[in-house]
Every structure is written in structure tokens, then in C-alpha cells.
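Notes to accompany the following structure.
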Amino acid sequence: MRIAYHAESLIDAHLVKDALERAEIPAFIAGEFLTGAVGQLPARDFLAVMVPDAAAEAAEGIVRIVDARLAEARAAAAADDDFGAVTFPA
């Protein structure tokens, strides 16, 4: 097995895993159950999406696409000023 993606969160890991499986590339999330053990600590360096050695090259392109889309979504969320404009009724 080879690491195809180091995930920032469990959600990211599952998005990558699902994309790989849709392309018929078997994938496994290493460290998925460790996140509960670390409590409030970030899950960095604990989560990795792994694929068989033979599928590593095919997985690379899919991982790049998903990672780019995740980066775009994070950038859009960071630039979104609508949250500051929200008012709540008294």
C-alpha cells in the first residue's frame, strides 16, 4: 500500500477515498479511528488515504483534482464576507 493523500480532516479523506473508488481504485483511510483518540487536537499527520502500489500512478491524477477543488473551496470560504454581515434577531 502507498500513501496517495495526506488529509487535513476526516471529511477530506473520505472525499478523496470516494473519488478514487468511483474510478474503481481501491482505497483505505489509515488513521481514521485515531481521530477520536486525539480529542480536540487536529488530525494532521494521522489521516492518510492509501492505495495499492499498482494503482498509485492512476490515483495521483484523481487526488490532484480533488485536492485542487478542496483548496478552491477553502479559499472561497476564507474570502466569504457574508458571515460578518449576518444579523440575528434580538
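Scheme for the C-alpha cells: letters A, B, ... for chains in order shown; per-chain residue numbers from 1; ligand numbers from 1 in order shown.
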
Taking the backbone alone, and naming residues the way the document does, which bits of stretch 6-39 of chain A are strand (DSSP E) by DSSP, as an NGL selection string?
-> :A and (6 or 28-30)

If you count only C-alpha atoms, which residues fall within 7 Å of A:Gly31, apart from same-chain ones fewer than 5 positions away, as a list of chain:residue names?
-> A:Phe46, A:Leu47, A:Ala48

Computed gap from atom CA of A:Ala54 to atom CA of A:Ala71 is 27.2 Å

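When the distance limit is 12 Å and only C-alpha atoms are what count, the residues near A:Asp18, minus those fewer than 5 positions from it on the same chain, are Ile11, Asp12, Ala13, Ala23, Glu24, Ile25, Pro26, Ala27, Phe28, Ile29, Val49, Ala59, Ile62, Val63 and Val66 of chain A.
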
For those residues, write C-alpha atoms to a file as a short mmCIF file (atom, residue, chain, number, x, y, z; two decimals), in the first residue's frame.
```
data_model
loop_
_atom_site.label_atom_id
_atom_site.label_comp_id
_atom_site.auth_asym_id
_atom_site.auth_seq_id
_atom_site.Cartn_x
_atom_site.Cartn_y
_atom_site.Cartn_z
CA ILE A 11 -14.12 14.66 5.58
CA ASP A 12 -11.30 15.40 3.13
CA ALA A 13 -10.06 11.83 3.45
CA ALA A 23 -12.67 5.42 -10.53
CA GLU A 24 -12.50 1.77 -9.40
CA ILE A 25 -9.28 2.30 -7.44
CA PRO A 26 -9.42 0.57 -4.06
CA ALA A 27 -8.64 2.99 -1.24
CA PHE A 28 -8.24 2.78 2.52
CA ILE A 29 -8.14 5.55 5.14
CA VAL A 49 -5.63 7.77 2.05
CA ALA A 59 -4.65 7.61 -8.20
CA ILE A 62 -7.56 11.95 -9.23
CA VAL A 63 -6.00 13.06 -5.94
CA VAL A 66 -9.85 16.58 -5.61
#
```
